[in-house]
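Before any comments, here is the structure.
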Amino acid sequence: MLAQTPPMGWNTWNTFGSEISESLVREVVDKFVELGLNKAGYEYIVIDDCWSELERDPVTHKLVASKEKFPSGMKALSDYVHSKGLKFGMYSCDGVRTCANYPGSFDHEYLDAATFAEFGCDFLKYDNCFKPASASGPLLYRRMGHALRNCGREILFSACNWGSDDVWSWIRSAGAHMYRSTGDIIDNFVSFRDIALSQLDRLGTSAPGCFNDMDMLTVGMFGKGHVGSSGCNEIDYKTQFSLWCLMGSPLMLGCDIRKIDSGTLALVTNPELIAINQDPEARSAFRVGSAVWNPTGIVIGKLLTGGDIALGFFNLGEERVNIFNVMFESLGVPFGSGYDLKFTDLFGGSEPSVHREMFSCSVDAHDCAVYRVSFVKR
């Protein structure tokens, strides 16, 4: 089954928007492998909107790759991606046009799925613009789901309807492997903070085979590119990546891989954080109770294979939090359990330590602290 754990990869949109080409994608693929991002678990190279000609082929009605941007064609580019041990992803939309006004897949779902299979596609991001008012959103995603499942090739179905139609309540039944439940991210702290907060009551809506996608990461963009906005700093990106890992979102990078800095590379390949996101059991995260004096602080937990717990303390406010605590009773480990808990700092800021009944830490504004917590028999 596809997507046993949250999918990982890279998408063109955040940085490049419509400014895409086969030479760009080849450069990114080469750098991807050179940096070892594939070894860290990232595998999908996804071309977003604006890849096709402005109209379909007048005879076959097929989608046609832009001859200017992709002169060698999509099959040749797909073959190149595959030759590097990576997987190839593309984009379409459930409406008559895509969000950037290129041909959409409405009423062409089966033809387009077959075309994507011919291209050697392994991943389809499916957007939600320009669909007829009379059309049922769930039915349109189900149509493409059927088309992909019967196109003769295994293609991961990434549904992107922005949270419309209570998507979390039905999208798994439509055949999707991941689904957007938020509006579009832009590269600033408020954007990713609000996205994360909006999902706190939906933490249980992911499972193996279908994951809640909190949108593509802006980590490492620093205000540059198509969704650049005001940008973020290293601390903001640390918090964004940690939230996405603990909350079980797919990890789709959006920065310019060719220019990624060493700090960003170290963050997005952090093996301990990725291990949380990619834990084999893929348990949903849960929110741990917060203190009334700390309204901007949240604690996220996640059960891990083997009995450990991942815990993230996130300060989403503008002031330092000096007393940021969690009572072990709220984790299901009261004193009477006979266990203490050992905290290992995944960012290396402190030595592992054993605690009983409660753990406290201090977290600067916009920052986070993430721990792997193990049980110690008292």
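Quick note on naming: the chains in the structure tokens go A, B, ... in the order shown, residues restart at 1 in each chain, and ligands are numbered from 1 in order of appearance.
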Secondary structure check, alpha helix (DSSP H) residues of segment 14-231 of chain A, as number ranges by chain: A: 14-16, 22-35, 74-83, 109-119, 137-149, 189-198
With a distance cut-off of 12 Å and only C-alpha atoms, select the neighbouring residues of His61 of chain A, excluding the residue or stretch itself and same-chain residues fewer than 2 positions from it, and output the selection as a CSV table (one decimal) with N, CA and C atoms, in the first residue's frame.
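Below you can see part.csv, which holds the result:
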```csv
chain,number,residue,atom,x,y,z
A,53,GLU,N,0.7,23.1,-22.0
A,53,GLU,CA,0.3,24.1,-23.0
A,53,GLU,C,-1.0,24.7,-22.4
A,55,GLU,N,-3.8,24.9,-23.9
A,55,GLU,CA,-5.0,24.2,-24.4
A,55,GLU,C,-4.6,22.7,-24.6
A,56,ARG,N,-5.6,21.9,-24.6
A,56,ARG,CA,-5.3,20.4,-24.9
A,56,ARG,C,-5.1,20.2,-26.4
A,57,ASP,N,-4.5,19.0,-26.7
A,57,ASP,CA,-4.3,18.7,-28.1
A,57,ASP,C,-5.7,18.6,-28.8
A,58,PRO,N,-5.9,19.3,-29.9
A,58,PRO,CA,-7.2,19.4,-30.5
A,58,PRO,C,-7.8,18.1,-31.1
A,59,VAL,N,-6.9,17.1,-31.3
A,59,VAL,CA,-7.3,15.8,-31.9
A,59,VAL,C,-7.5,14.8,-30.8
A,63,LEU,N,-3.7,16.3,-22.4
A,63,LEU,CA,-2.8,17.3,-21.9
A,63,LEU,C,-1.5,17.2,-22.6
A,64,VAL,N,-0.9,18.3,-22.9
A,64,VAL,CA,0.4,18.4,-23.6
A,64,VAL,C,1.4,19.2,-22.8
A,103,PRO,N,-5.3,23.9,-18.6
A,103,PRO,CA,-6.4,23.0,-18.7
A,103,PRO,C,-6.5,22.1,-17.5
A,104,GLY,N,-7.7,22.0,-16.9
A,104,GLY,CA,-8.0,21.2,-15.8
A,104,GLY,C,-8.5,19.8,-16.3
A,105,SER,N,-8.8,18.9,-15.3
A,105,SER,CA,-9.2,17.6,-15.6
A,105,SER,C,-10.6,17.3,-15.5
A,107,ASP,N,-14.1,16.2,-16.3
A,107,ASP,CA,-14.6,15.4,-17.3
A,107,ASP,C,-13.6,14.8,-18.3
A,108,HIS,N,-12.3,14.9,-17.9
A,108,HIS,CA,-11.2,14.2,-18.6
A,108,HIS,C,-10.4,13.3,-17.6
A,109,GLU,N,-11.0,13.0,-16.5
A,109,GLU,CA,-10.2,12.3,-15.5
A,109,GLU,C,-9.6,11.0,-15.9
A,110,TYR,N,-10.3,10.2,-16.7
A,110,TYR,CA,-9.7,8.9,-17.1
A,110,TYR,C,-8.7,9.0,-18.2
A,111,LEU,N,-8.9,9.9,-19.1
A,111,LEU,CA,-7.9,10.2,-20.1
A,111,LEU,C,-6.7,10.8,-19.5
A,112,ASP,N,-6.8,11.7,-18.5
A,112,ASP,CA,-5.7,12.3,-17.9
A,112,ASP,C,-4.9,11.3,-17.0
A,115,THR,N,-2.8,9.4,-19.3
A,115,THR,CA,-1.7,10.2,-19.8
A,115,THR,C,-0.6,10.3,-18.8
```
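Considering the residues A:Gly228, A:Gly17, A:Gly254, A:Gly248 and counting only C-alpha atoms, Gly204 of chain A has its shortest atom-to-atom contact with A:Gly248.
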One-decimal distance in Å that lies between atom CA of Phe123 of chain A and atom CA of Phe88 of chain A: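 About the pair atom CA of Phe88 of chain A and atom CA of Phe123 of chain A: they are 6.4 Å apart.
Atom CA of Val167 of chain A sits 14.6 Å away from atom CA of Asp215 of chain A.
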Coordinates-based distance that separates atom CA of Phe314 of chain A from atom CA of Gly297 of chain A (Å, one decimal):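 These atoms are spaced 5.6 Å apart.
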Residue with smallest distance to His226 of chain A - pool A:Ala65, A:Arg378, A:Val326, A:Ile186, counting only C-alpha atoms: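 Nearest to His226 of chain A: A:Ile186.
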Given only C-alpha atoms as the counted atoms, nearest of A:Ile323, A:Val288, A:Val376, A:Leu24 to Ser362 of chain A: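 Between A:Ile323, A:Val288, A:Val376, A:Leu24, the residue approaching Ser362 of chain A most closely is A:Ile323.
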Spatial neighbours of Leu203 of chain A, max dist 7 Å, only C-alpha atoms, sep filter under 4 positions, as a VMD selection string: chain A and resid 199 247 284 to 286
Residue nearest Lys224 of chain A among A:Cys160, A:Val370, A:Ile260, A:Ile155 (counting only C-alpha atoms):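 Among the listed residues, the smallest separation from Lys224 of chain A belongs to A:Ile260.
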Residues of segment 30-277 of chain A in strand (DSSP E or B), written as a ChimeraX atom specification: /A:44-46,52,65,87-93,97,103,123-127,156-160,178-180,207,210-213,251-253
Please write the residues from the selection above to a file, keeping N, CA and C atoms, as a CSV table (one decimal), in the first residue's frame.
```csv
chain,number,residue,atom,x,y,z
A,44,TYR,N,9.9,12.1,-3.7
A,44,TYR,CA,9.0,12.6,-4.8
A,44,TYR,C,9.5,14.0,-5.3
A,45,ILE,N,9.7,14.1,-6.6
A,45,ILE,CA,10.0,15.4,-7.2
A,45,ILE,C,8.8,15.8,-8.0
A,46,VAL,N,8.1,16.8,-7.5
A,46,VAL,CA,6.7,17.1,-8.0
A,46,VAL,C,6.7,18.5,-8.8
A,52,SER,N,1.8,22.7,-18.5
A,52,SER,CA,1.3,22.2,-19.8
A,52,SER,C,1.1,23.4,-20.8
A,65,ALA,N,2.6,18.7,-22.6
A,65,ALA,CA,3.6,19.5,-21.9
A,65,ALA,C,4.0,20.7,-22.7
A,87,LYS,N,11.2,9.5,-7.5
A,87,LYS,CA,9.9,9.3,-8.1
A,87,LYS,C,9.4,10.7,-8.6
A,88,PHE,N,8.6,10.6,-9.7
A,88,PHE,CA,8.2,11.8,-10.4
A,88,PHE,C,6.7,12.1,-10.2
A,89,GLY,N,6.5,13.4,-9.8
A,89,GLY,CA,5.1,13.9,-9.5
A,89,GLY,C,4.7,15.0,-10.4
A,90,MET,N,3.3,15.1,-10.7
A,90,MET,CA,2.8,16.1,-11.5
A,90,MET,C,1.5,16.7,-10.9
A,91,TYR,N,0.9,17.6,-11.6
A,91,TYR,CA,-0.2,18.4,-11.0
A,91,TYR,C,-1.4,18.5,-12.0
A,92,SER,N,-2.6,18.4,-11.5
A,92,SER,CA,-3.8,18.8,-12.2
A,92,SER,C,-4.8,19.3,-11.3
A,93,CYS,N,-6.1,19.5,-11.8
A,93,CYS,CA,-7.1,20.2,-11.0
A,93,CYS,C,-8.5,19.5,-11.3
A,97,ARG,N,-10.3,24.4,-15.5
A,97,ARG,CA,-9.0,25.0,-15.6
A,97,ARG,C,-8.3,24.9,-14.3
A,103,PRO,N,-5.3,23.9,-18.6
A,103,PRO,CA,-6.4,23.0,-18.7
A,103,PRO,C,-6.5,22.1,-17.5
A,123,PHE,N,3.0,10.4,-8.7
A,123,PHE,CA,2.4,11.2,-7.7
A,123,PHE,C,1.6,12.3,-8.5
A,124,LEU,N,0.3,12.5,-8.0
A,124,LEU,CA,-0.5,13.5,-8.6
A,124,LEU,C,-1.1,14.4,-7.6
A,125,LYS,N,-0.7,15.7,-7.6
A,125,LYS,CA,-1.3,16.7,-6.8
A,125,LYS,C,-2.5,17.2,-7.5
A,126,TYR,N,-3.7,17.2,-6.9
A,126,TYR,CA,-5.0,17.4,-7.6
A,126,TYR,C,-5.7,18.6,-6.9
A,127,ASP,N,-5.7,19.7,-7.5
A,127,ASP,CA,-6.2,21.0,-6.9
A,127,ASP,C,-7.7,21.1,-7.1
A,156,LEU,N,0.5,7.9,-6.5
A,156,LEU,CA,0.0,8.4,-5.2
A,156,LEU,C,-0.9,9.6,-5.5
A,157,PHE,N,-2.0,9.6,-4.8
A,157,PHE,CA,-3.1,10.6,-5.1
A,157,PHE,C,-3.1,11.6,-3.9
A,158,SER,N,-2.6,12.9,-4.3
A,158,SER,CA,-2.5,14.0,-3.3
A,158,SER,C,-3.6,14.9,-3.6
A,159,ALA,N,-4.7,14.9,-2.8
A,159,ALA,CA,-5.9,15.7,-2.9
A,159,ALA,C,-5.6,17.1,-2.3
A,160,CYS,N,-6.0,18.1,-3.0
A,160,CYS,CA,-5.7,19.5,-2.5
A,160,CYS,C,-7.0,20.3,-2.7
A,178,MET,N,-3.1,11.4,0.6
A,178,MET,CA,-2.8,12.6,1.4
A,178,MET,C,-3.8,13.7,1.0
A,179,TYR,N,-4.1,14.6,1.9
A,179,TYR,CA,-5.1,15.6,1.5
A,179,TYR,C,-4.9,16.9,2.2
A,180,ARG,N,-5.0,18.0,1.5
A,180,ARG,CA,-4.9,19.3,2.1
A,180,ARG,C,-6.1,19.6,2.9
A,207,ALA,N,-4.0,8.5,9.0
A,207,ALA,CA,-3.8,7.1,9.3
A,207,ALA,C,-3.0,6.5,8.1
A,210,CYS,N,-3.5,7.4,4.2
A,210,CYS,CA,-4.1,8.7,4.0
A,210,CYS,C,-3.8,9.7,5.1
A,211,PHE,N,-3.0,10.7,4.7
A,211,PHE,CA,-2.4,11.6,5.7
A,211,PHE,C,-2.9,13.1,5.5
A,212,ASN,N,-3.2,13.8,6.6
A,212,ASN,CA,-3.6,15.2,6.6
A,212,ASN,C,-2.4,16.0,6.2
A,213,ASP,N,-2.4,16.7,5.1
A,213,ASP,CA,-1.3,17.5,4.6
A,213,ASP,C,-1.5,19.0,5.0
A,251,LEU,N,5.9,15.6,4.4
A,251,LEU,CA,7.1,16.6,4.4
A,251,LEU,C,7.5,16.8,2.9
A,252,MET,N,6.9,17.9,2.4
A,252,MET,CA,7.2,18.3,1.0
A,252,MET,C,7.9,19.6,1.0
A,253,LEU,N,9.2,19.6,0.7
A,253,LEU,CA,10.1,20.8,0.8
A,253,LEU,C,9.7,21.7,-0.4
```
